[in-house]
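To start, the structure under review is shown below, and the notes come after it.
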Amino acid sequence: MRRLFPVTEETVAGASGGAVDAGGAGGSPGGGGAVDREWSLTELGAAYAYPERTNGGPGTWLRANMVSTLDGAAQHDGRSQPISSASDMRIFGTLRALADIVLVGAETVRQEGYRPVRARAEFAEAREAAGQAEAAAVAIVSASLDLDFSLPLFTSPLVPTLVLTGAAAAPDRVAAAEKAGARVVVAGDGMGVDPARAVQALAGLGHTRLLAEGGPRLLGQLVAAGVLDELCLTISPMLTVGDAQRISGGPSLAVPRRFELVSLLEEEGFLFSRYCRP
């Protein structure tokens, strides 16, 4: 893996064949310059760290992590794994290890066979110092609560799973979720979930480092509501054709939302980008 952006002296030197500190000392977190090598989890954690909380600085921060092929497919045969890579999965695990909450839509839970987030020994000390639980909790967005409560996501999570739903959700499904050990959080007046209220509700529970993992419909709702702060997008060097979904779906915005590139890494043709709202 090598850093392409932001451009630093090390990036330029590496690209031109000059001497570069292979230990990763550079002008930005994670270092690495343009040297193509395997980054440690510590370096990835620094490169993807959430913004520091300062007086007047970021409080709740919602980032999304998605993968897309060159022709815009977010999935192949209904799953993202076929268009991913080993390094993409390392970044996937790192982002989870930094987060308080993994936010995901119910359909993605069903399609991807979601399991509880596991604790990572490499991040245990940092999580304890930050006052975080040993692993991120999964928060499922579901209007119908049509979920299989016998899955490990409910029966054996390190941290209890949350279910975000609307005030009009069926009482028997709410009861079933609570009986399964999930914490039900109301974040909407009707059947559905209001994205802004969901973020506020999670922050009210002390969860401010948020990570959304899709699917496309949920990401589209977060973008439309203006609550997405950051997009971590892996561009996979693959072409799938077909009619697979894009990374976000839903009605078009009246005015496109502009994000700024803050980081770009590369390995074996995969591009790992970070875009933040201005």
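By convention in this document, the chains of the structure tokens carry letters A, B, ... by their order, each chain's residues are numbered from 1, and ligands are numbered from 1 in the order they are shown.
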
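Of the residues in region 71-243 of chain A, those given strand (DSSP E) by DSSP on the backbone are Ile101, Val102, Leu103, Val104, Gly105, Ala137, Val138, Ala139, Ile140, Val141, Leu162, Val163, Leu164, Thr165, Arg183, Val184, Val185, Val186, Arg209, Leu210, Leu211, Ala212, Glu230, Leu231, Cys232, Leu233, Thr234, Ile235 and Ser236 of chain A.
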
Residues within 8 Å of region 57-73 of chain A, please, as a PyMOL selection string. Count only C-alpha atoms; anything in the same chain fewer than 6 positions from it doesn't count. chain A and resi 50-51+80+83-84+92+199+203+207-214+219+227-241+243-247

Of the candidates A:Ala124, A:Ala135, A:Val223, A:Ile91, which one gets nearest to Arg274 (chain A) if we count only C-alpha atoms?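 Closest to Arg274 (chain A) of all the choices is A:Ile91.
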
Closest of A:Ala167, A:Val174, A:Leu98, A:Ala106 to Ala137 (chain A), counting only C-alpha atoms, is A:Leu98

Under the rule that only C-alpha atoms are counted, which of A:Pro152, A:Pro256, A:Gly269, A:Gly105 is the nearest residue to Ile140 (chain A)?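 Closest to Ile140 (chain A) of all the choices is A:Gly105.
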
Give me, as a PyMOL selection string, all polymer residues having an atom no more than 7 Å from Gly249 (chain A), counting only C-alpha atoms and skipping those fewer than 4 positions away in the same chain. chain A and resi 216-217+220

With DSSP run on the backbone, what are the helix (DSSP H, G or I) residues within region 107-141 of chain A? I'd like them as a ChimeraX atom specification. /A:107-112,121-129

Distance criterion (only C-alpha atoms): nearest to Gly45 (chain A) out of A:Ala126, A:Leu261, A:Ala86, A:Val163: A:Ala126

Pairwise distance for CA of Val7 (chain A) and CA of Leu41 (chain A), rounded to one decimal in Å: 21.7 Å

Spatial neighbours of Val109 (chain A), max dist 9 Å, only C-alpha atoms, sep filter under 5 positions, as a list in words: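 The neighbour list is Val104, Tyr114, Arg115, Ile140, Leu147 and Gly215 of chain A.
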
Using only C-alpha atoms, which of the listed residues (A:Leu271, A:Ile101, A:Ala168, A:Leu265) sits closest to Ala201 (chain A)?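 Distance minimum relative to Ala201 (chain A) lands on A:Ile101.
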
Looking at A:Trp39, A:Gln81, A:Ala225, A:Tyr48, which one is nearest to Cys276 (chain A), with distances taken over only C-alpha atoms?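 Counting only C-alpha atoms, the residue closest to Cys276 (chain A) is A:Tyr48.
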